[in-house]
Structures are given as structure tokens and as C-alpha cells.
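The next block is start_1.csv, given as CSV, C-alpha atoms.
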```csv
chain,number,residue,atom,x,y,z
A,267,MET,CA,-55.5,-71.6,41.2
A,268,SER,CA,-54.9,-68.2,42.7
A,269,VAL,CA,-55.0,-64.9,40.8
A,270,VAL,CA,-51.2,-64.4,41.4
A,271,ALA,CA,-50.5,-67.9,40.0
A,272,ASN,CA,-52.7,-67.2,37.0
A,273,THR,CA,-50.8,-63.9,36.4
A,274,VAL,CA,-47.4,-65.6,36.6
A,275,LEU,CA,-48.5,-68.3,34.2
A,276,LEU,CA,-49.9,-65.9,31.7
A,277,SER,CA,-46.7,-63.7,31.9
A,278,GLY,CA,-44.6,-66.8,31.2
A,279,LEU,CA,-46.7,-67.8,28.2
A,280,LEU,CA,-46.5,-64.3,26.7
A,281,LEU,CA,-42.7,-64.3,27.2
A,282,ILE,CA,-42.5,-67.7,25.4
A,283,ILE,CA,-44.8,-66.5,22.6
A,284,GLY,CA,-42.8,-63.3,22.2
A,285,GLN,CA,-39.5,-65.2,22.0
A,286,HIS,CA,-40.8,-67.6,19.3
A,287,SER,CA,-42.5,-64.9,17.3
A,288,ARG,CA,-39.3,-63.0,16.6
A,289,PRO,CA,-37.9,-63.2,13.1
A,290,ALA,CA,-35.1,-65.8,12.6
A,291,GLU,CA,-31.6,-64.6,12.5
A,292,GLY,CA,-29.7,-64.2,9.2
A,293,CYS,CA,-30.4,-63.3,5.6
A,294,THR,CA,-28.6,-65.2,2.9
A,295,CYS,CA,-28.4,-63.8,-0.7
A,296,VAL,CA,-26.7,-64.9,-3.9
A,297,HIS,CA,-24.3,-62.3,-5.4
A,298,VAL,CA,-25.6,-61.0,-8.7
A,299,HIS,CA,-24.0,-58.9,-11.4
A,300,PRO,CA,-25.6,-55.4,-11.6
A,301,GLN,CA,-26.7,-56.1,-15.2
A,302,GLU,CA,-28.4,-59.3,-14.1
A,303,ALA,CA,-30.1,-57.4,-11.2
A,304,PHE,CA,-31.2,-54.8,-13.7
A,305,CYS,CA,-32.7,-57.3,-16.2
A,306,ASN,CA,-34.5,-59.3,-13.5
A,307,SER,CA,-36.1,-56.3,-11.7
A,308,ASP,CA,-39.5,-54.9,-12.3
A,309,ILE,CA,-38.3,-51.4,-11.2
A,310,VAL,CA,-34.9,-49.7,-11.3
A,311,ILE,CA,-34.8,-46.1,-10.1
A,312,ARG,CA,-32.4,-43.5,-8.8
A,313,ALA,CA,-34.1,-41.9,-5.8
A,314,LYS,CA,-33.6,-40.1,-2.5
A,315,VAL,CA,-35.3,-41.3,0.6
A,316,VAL,CA,-37.3,-38.4,2.2
A,317,GLY,CA,-39.3,-40.2,4.9
A,318,LYS,CA,-40.1,-43.6,6.5
A,319,LYS,CA,-42.9,-45.2,8.4
A,320,MET,CA,-43.4,-48.5,10.1
A,321,MET,CA,-46.5,-50.2,8.7
A,322,ASN,CA,-48.5,-52.8,10.8
A,323,ASP,CA,-48.9,-55.3,8.0
A,324,GLY,CA,-47.6,-58.9,7.9
A,325,PRO,CA,-46.5,-60.9,10.9
A,326,PHE,CA,-43.5,-58.6,11.7
A,327,GLY,CA,-44.5,-55.3,10.1
A,328,THR,CA,-43.2,-53.6,7.0
A,329,MET,CA,-41.0,-50.4,6.6
A,330,ARG,CA,-42.4,-48.0,4.0
A,331,TYR,CA,-39.9,-45.5,2.6
A,332,THR,CA,-41.1,-42.3,0.9
A,333,VAL,CA,-38.8,-41.5,-2.0
A,334,LYS,CA,-38.2,-38.6,-4.3
A,335,GLN,CA,-37.6,-40.3,-7.7
A,336,MET,CA,-34.8,-38.7,-9.7
A,337,LYS,CA,-34.9,-41.1,-12.7
A,338,MET,CA,-36.4,-44.4,-13.8
A,339,TYR,CA,-34.3,-46.8,-15.8
A,340,ARG,CA,-36.7,-49.7,-15.9
A,341,GLY,CA,-40.3,-50.3,-15.1
A,342,PHE,CA,-42.2,-47.8,-17.2
A,343,ASN,CA,-44.7,-50.6,-18.1
A,344,LYS,CA,-45.3,-51.2,-14.4
A,345,MET,CA,-45.7,-47.6,-13.1
A,346,GLN,CA,-44.7,-44.2,-14.3
A,347,HIS,CA,-43.5,-42.8,-10.9
A,348,VAL,CA,-42.5,-44.4,-7.6
A,349,GLN,CA,-43.5,-42.7,-4.4
A,350,TYR,CA,-43.2,-45.5,-1.9
A,351,ILE,CA,-40.9,-48.4,-1.5
A,352,TYR,CA,-41.6,-51.3,0.9
A,353,THR,CA,-39.2,-53.6,2.7
A,354,GLU,CA,-39.3,-56.1,5.5
A,355,ALA,CA,-39.0,-54.5,9.0
A,356,TYR,CA,-36.0,-56.6,10.0
A,357,GLU,CA,-32.6,-57.2,8.3
A,358,SER,CA,-32.8,-60.8,9.5
A,359,LEU,CA,-35.8,-61.1,7.1
A,360,CYS,CA,-33.8,-59.4,4.3
A,361,GLY,CA,-35.2,-55.9,5.0
A,362,VAL,CA,-33.0,-53.1,3.9
A,363,LYS,CA,-32.2,-49.9,5.9
A,364,LEU,CA,-32.0,-46.7,3.9
A,365,GLU,CA,-30.9,-43.3,5.3
A,366,VAL,CA,-33.4,-40.5,5.2
A,367,ASN,CA,-32.4,-37.2,3.5
A,368,LYS,CA,-28.8,-38.3,3.1
A,369,TYR,CA,-27.9,-40.2,0.0
A,370,GLN,CA,-29.3,-40.8,-3.5
A,371,TYR,CA,-29.7,-44.5,-4.1
A,372,LEU,CA,-29.9,-46.8,-7.1
A,373,ILE,CA,-32.7,-49.1,-6.1
A,374,THR,CA,-34.0,-52.3,-7.8
A,375,GLY,CA,-37.2,-54.0,-6.8
A,376,ARG,CA,-40.3,-56.0,-7.7
A,377,VAL,CA,-43.9,-54.9,-8.0
A,378,TYR,CA,-46.6,-56.8,-6.2
A,379,ASP,CA,-50.2,-55.6,-6.0
A,380,GLY,CA,-49.2,-52.2,-7.3
A,381,LYS,CA,-46.4,-51.7,-4.6
A,382,VAL,CA,-42.7,-51.7,-5.0
A,383,TYR,CA,-40.8,-54.1,-2.7
A,384,THR,CA,-37.0,-54.3,-2.2
A,385,GLY,CA,-34.6,-55.9,0.2
A,386,LEU,CA,-31.1,-57.0,0.9
A,387,CYS,CA,-31.1,-59.5,-1.9
A,388,ASN,CA,-31.9,-56.8,-4.4
A,389,PHE,CA,-29.1,-54.6,-5.9
A,390,ILE,CA,-29.1,-51.3,-3.9
A,391,SER,CA,-26.2,-48.9,-3.9
A,392,GLN,CA,-25.5,-45.3,-3.0
A,393,TRP,CA,-25.4,-43.5,-6.3
A,394,GLU,CA,-22.0,-42.0,-5.7
A,395,LYS,CA,-20.4,-45.5,-5.2
A,396,LEU,CA,-21.4,-46.7,-8.7
A,397,SER,CA,-18.7,-46.7,-11.3
A,398,LEU,CA,-19.0,-44.7,-14.5
A,399,ALA,CA,-19.5,-47.9,-16.4
A,400,GLN,CA,-22.3,-49.0,-14.1
A,401,ARG,CA,-24.1,-45.6,-14.6
A,402,LYS,CA,-23.7,-45.9,-18.3
A,403,GLY,CA,-25.0,-49.5,-18.2
A,404,LEU,CA,-28.2,-48.3,-16.4
A,405,ASN,CA,-28.8,-45.7,-19.1
A,406,HIS,CA,-28.2,-47.9,-22.2
A,407,ARG,CA,-26.0,-51.0,-22.1
A,408,TYR,CA,-27.5,-53.3,-19.6
A,409,HIS,CA,-30.8,-53.7,-21.5
A,410,LEU,CA,-28.8,-54.7,-24.6
A,411,GLY,CA,-27.6,-57.8,-22.6
A,412,CYS,CA,-30.9,-58.9,-21.1
A,413,ASN,CA,-31.0,-61.9,-23.5
A,414,CYS,CA,-27.5,-62.9,-22.3
A,415,LYS,CA,-26.8,-65.0,-19.3
A,416,ILE,CA,-24.1,-64.2,-16.8
A,417,LYS,CA,-22.7,-67.4,-15.4
A,418,ALA,CA,-21.0,-67.1,-12.0
A,419,CYS,CA,-17.8,-69.1,-11.4
A,420,TYR,CA,-16.7,-69.5,-7.8
A,421,ASP,CA,-14.1,-72.2,-8.3
A,422,LEU,CA,-11.9,-72.2,-11.5
A,423,PRO,CA,-11.8,-73.8,-14.0
A,424,CYS,CA,-15.3,-73.0,-15.3
A,425,PHE,CA,-16.6,-73.2,-18.8
A,426,ILE,CA,-19.5,-71.7,-20.8
A,427,THR,CA,-22.0,-74.1,-22.2
A,428,ALA,CA,-24.0,-71.9,-24.5
A,429,LYS,CA,-23.2,-69.0,-26.9
A,430,ASN,CA,-25.4,-66.6,-24.9
A,431,GLU,CA,-23.3,-67.0,-21.7
A,432,CYS,CA,-20.6,-64.7,-20.2
A,433,LEU,CA,-18.4,-66.3,-17.5
A,434,TRP,CA,-18.2,-64.2,-14.3
A,435,THR,CA,-15.0,-65.2,-12.7
A,436,ARG,CA,-15.2,-62.7,-9.8
A,437,PRO,CA,-18.7,-63.1,-8.6
A,438,TYR,CA,-18.6,-60.5,-5.8
A,439,THR,CA,-20.7,-57.3,-5.7
A,440,ASP,CA,-17.8,-55.0,-5.4
A,441,ASP,CA,-15.4,-56.6,-7.9
A,442,TYR,CA,-13.7,-55.0,-10.8
A,443,GLN,CA,-15.6,-57.1,-13.4
A,444,SER,CA,-19.0,-56.0,-12.2
A,445,LYS,CA,-17.9,-52.4,-12.0
A,446,ASN,CA,-16.5,-52.2,-15.5
A,447,TYR,CA,-18.0,-54.8,-17.8
A,448,ALA,CA,-21.4,-55.6,-19.4
A,449,CYS,CA,-22.3,-58.8,-21.1
A,450,ILE,CA,-23.6,-57.8,-24.5
A,451,LYS,CA,-25.0,-59.7,-27.5
A,452,GLN,CA,-22.7,-59.3,-30.5
A,453,LYS,CA,-23.4,-59.2,-34.3
A,454,GLU,CA,-22.5,-62.8,-34.6
A,455,GLY,CA,-25.2,-63.8,-32.2
A,456,HIS,CA,-23.0,-64.7,-29.2
A,457,CYS,CA,-22.6,-62.8,-26.0
A,458,SER,CA,-19.3,-61.5,-24.7
A,459,TRP,CA,-18.0,-59.0,-22.1
A,460,SER,CA,-17.7,-55.4,-23.3
A,461,ARG,CA,-15.6,-53.0,-21.4
A,462,GLY,CA,-16.7,-49.6,-20.1
A,463,TRP,CA,-19.4,-47.7,-21.9
A,464,ALA,CA,-18.3,-47.9,-25.5
A,465,PRO,CA,-21.0,-48.8,-28.1
A,466,PRO,CA,-21.5,-52.6,-28.6
A,467,TYR,CA,-19.2,-54.5,-30.9
A,468,LYS,CA,-16.2,-52.4,-29.8
A,469,LYS,CA,-13.7,-53.1,-27.0
A,470,THR,CA,-15.2,-56.6,-26.6
A,471,ILE,CA,-13.1,-59.3,-25.0
A,472,ASN,CA,-13.1,-63.1,-24.8
A,473,THR,CA,-16.4,-64.5,-23.6
A,474,THR,CA,-14.7,-66.5,-20.8
A,475,ASP,CA,-12.2,-63.9,-19.5
A,476,PRO,CA,-12.1,-60.7,-18.1
```

Before we go any further, please render this structure as C-alpha cells.
Amino acid sequence: MSVVANTVLLSGLLLIIGQHSRPAEGCTCVHVHPQEAFCNSDIVIRAKVVGKKMMNDGPFGTMRYTVKQMKMYRGFNKMQHVQYIYTEAYESLCGVKLEVNKYQYLITGRVYDGKVYTGLCNFISQWEKLSLAQRKGLNHRYHLGCNCKIKACYDLPCFITAKNECLWTRPYTDDYQSKNYACIKQKEGHCSWSRGWAPPYKKTINTTDP
């Protein structure tokens, strides 16, 4: 076989390999209430992204964000201060894109091998877009409900099956219920929705309804 033929064959093989080594399209995530995201995360911080760098690790690379931590809400037992946050390089692999030197973010994530990882399926929001109740929840109320279970209902009617459940009838990340309610354990031992940022046992509502 000639050198030209070998070159054409090699080019074709590289093209095929390149096409098949691209990440698959699409990232599917389940909507979670901010309180549930808080309770299930290793790390919850408020931070500003001040730099980013593509790292040559894994099959497709990883984006490393350098952050300036403003406040930590959860994760003191994992690390005292977060300097770097890692995410997949592609949105199709659930990697998240954060703006550098532009916004403060509320970021939730997991810790693996001493590194903080986050992605599209974690709860991430520009700080200014969080409601007052959500901000208060991060400071105090959400951790009071970590023994409660928020049950998503996509198709009414739905019913609770245990006293520690709150029925989430509007399971969308930008809905009124997630912006204004926390599922808090009450004195009687059951969990119910509590409006706003009032102390627990006040302004509670029926477990199955906001």
C-alpha cells in the first residue's frame, strides 16, 4: 500500500475515533428543592469565581474554577475553606459554566479525594436571584429539616405516606414553593411546611399543601 493510501486511511481512522470520543449529548437532572439540595450536599458555599483553567484529567478534561469564598453554610467537617471547584468540561456531561469576576454564586457540591465537585444536577444559583426565605434557609432553617423528606408530586392527587414527609406539589426549581417554604420538623414529631424565615413552630401550614 502506498504512503498516500496509508495517510488517507490513518486520517479516516482518526476522524472516526474523534467522532466517537466526543461526549454524548444531553444532561438529565431531577428537580430538587433547595433544602433537599442543601441537606444532601457535602459543601454549600457562597462564592465568586475569580479564575478558571481546563485540566487534562479524565477522558474529556475537567474545568477547575478558582473561587473566592464569601461564606460556608455546610461542610465544615469536610474542609474549612474552598479554593477550587471542579466540574466536567462539557455541559453534555453535566458540567456547569460559571462566569468569572461577574456574579456571586450559591454553590452546592460533593467532596471526592479532597476536591469539591459540582455540576448541572447540583443546586447552583446567582446569589442575587435567591429569595429572602432561601437565604434565611441557608443560614438556619434548612438544617432543621434535614431529617424530613420532601416528596415531589408531579401529577395530583398525591399523598404523604410517613409523618416526616412534606408534599412538594410544584416540583420546579423556580417555583413559589421552593422560594418561600422550608420543610421543618415540629414539636409533635411530624414535618410540615413553614413559610418564610419565621422560627419553627410558627406560620406552619398543612403538611400536604402549600

Pick from A:Tyr371, A:Ser444, A:Asn405, A:Tyr352, whichever lies nearest to Met321 in chain A using all atoms listed in the file: A:Tyr352

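Among the candidates A:Asn446, A:Gln452, A:Gln301, A:Gln349, the one nearest to Lys381 in chain A when counting only C-alpha atoms is A:Gln349.
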
Nearest to His406 in chain A by atom-to-atom distance, counting only C-alpha atoms, from A:Ile390, A:Ile426, A:Cys419, A:Ile450: A:Ile450

d(CA of Arg376 in chain A, CA of Ala313 in chain A) in Å: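 Calculated distance between CA of Arg376 in chain A and CA of Ala313 in chain A is 15.5 Å.
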
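Atom pair CA of Tyr420 in chain A / CA of Phe304 in chain A has a distance of 21.5 Å (rounded to one decimal).
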
Tyr442 in chain A environment, 12 Å, all atoms listed in the file, sequence neighbours closer than 3 positions dropped, as a list of chain:residue names: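 Residues meeting the cut-off are A:His299, A:Pro300, A:Leu396, A:Ser397, A:Ala399, A:Gln400, A:Trp434, A:Thr435, A:Arg436, A:Pro437, A:Tyr438, A:Thr439, A:Lys445, A:Asn446, A:Tyr447, A:Ala448, A:Arg461, A:Gly462, A:Pro476.
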
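Excluding Thr294 in chain A and any residue on its chain fewer than 3 positions from it, the residues at most 9 Å away by all atoms listed in the file are Ser358, Cys360, Leu386 and Cys387 of chain A.
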
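Here CA of Ala355 in chain A and CA of Thr328 in chain A stand 4.7 Å from one another.
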
Residue nearest Asn388 in chain A among A:His297, A:Glu357, A:Lys334, A:Leu364 (counting all atoms listed in the file):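 Closest to Asn388 in chain A, using all atoms listed in the file: A:His297.
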
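With all atoms listed in the file taken into account, the protein and nucleic acid residues at most 10 Å from Asn430 in chain A (excluding it and anything under 2 positions from it in its own chain) are A:Gly411, A:Asn413, A:Cys414, A:Lys415, A:Ile416, A:Lys417, A:Ile426, A:Thr427, A:Ala428, A:Cys432, A:Cys449, A:Ile450, A:Lys451, A:Gln452, A:Gly455, A:His456, A:Cys457, A:Ser458, A:Thr473.
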
Among the residues A:Pro423, A:Gly403, A:Gly341, A:Gly361, the one that comes closest to Gly380 in chain A [using all atoms listed in the file]: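 Once distances to Gly380 in chain A are computed over all atoms listed in the file, the minimum belongs to A:Gly341.
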
Residue nearest Thr332 in chain A among A:Thr353, A:Ser460, A:Ser391, A:Thr374 (counting all atoms listed in the file):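 Among A:Thr353, A:Ser460, A:Ser391, A:Thr374, it is A:Thr353 that comes nearest to Thr332 in chain A.
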
Selection near range 305-311 of chain A, 9 Å with only C-alpha atoms, sequence-local residues under 3 positions removed, as a PyMOL selection string: chain A and resi 300-302+335-345+348+371-377+382+388+404+408-409+411-413
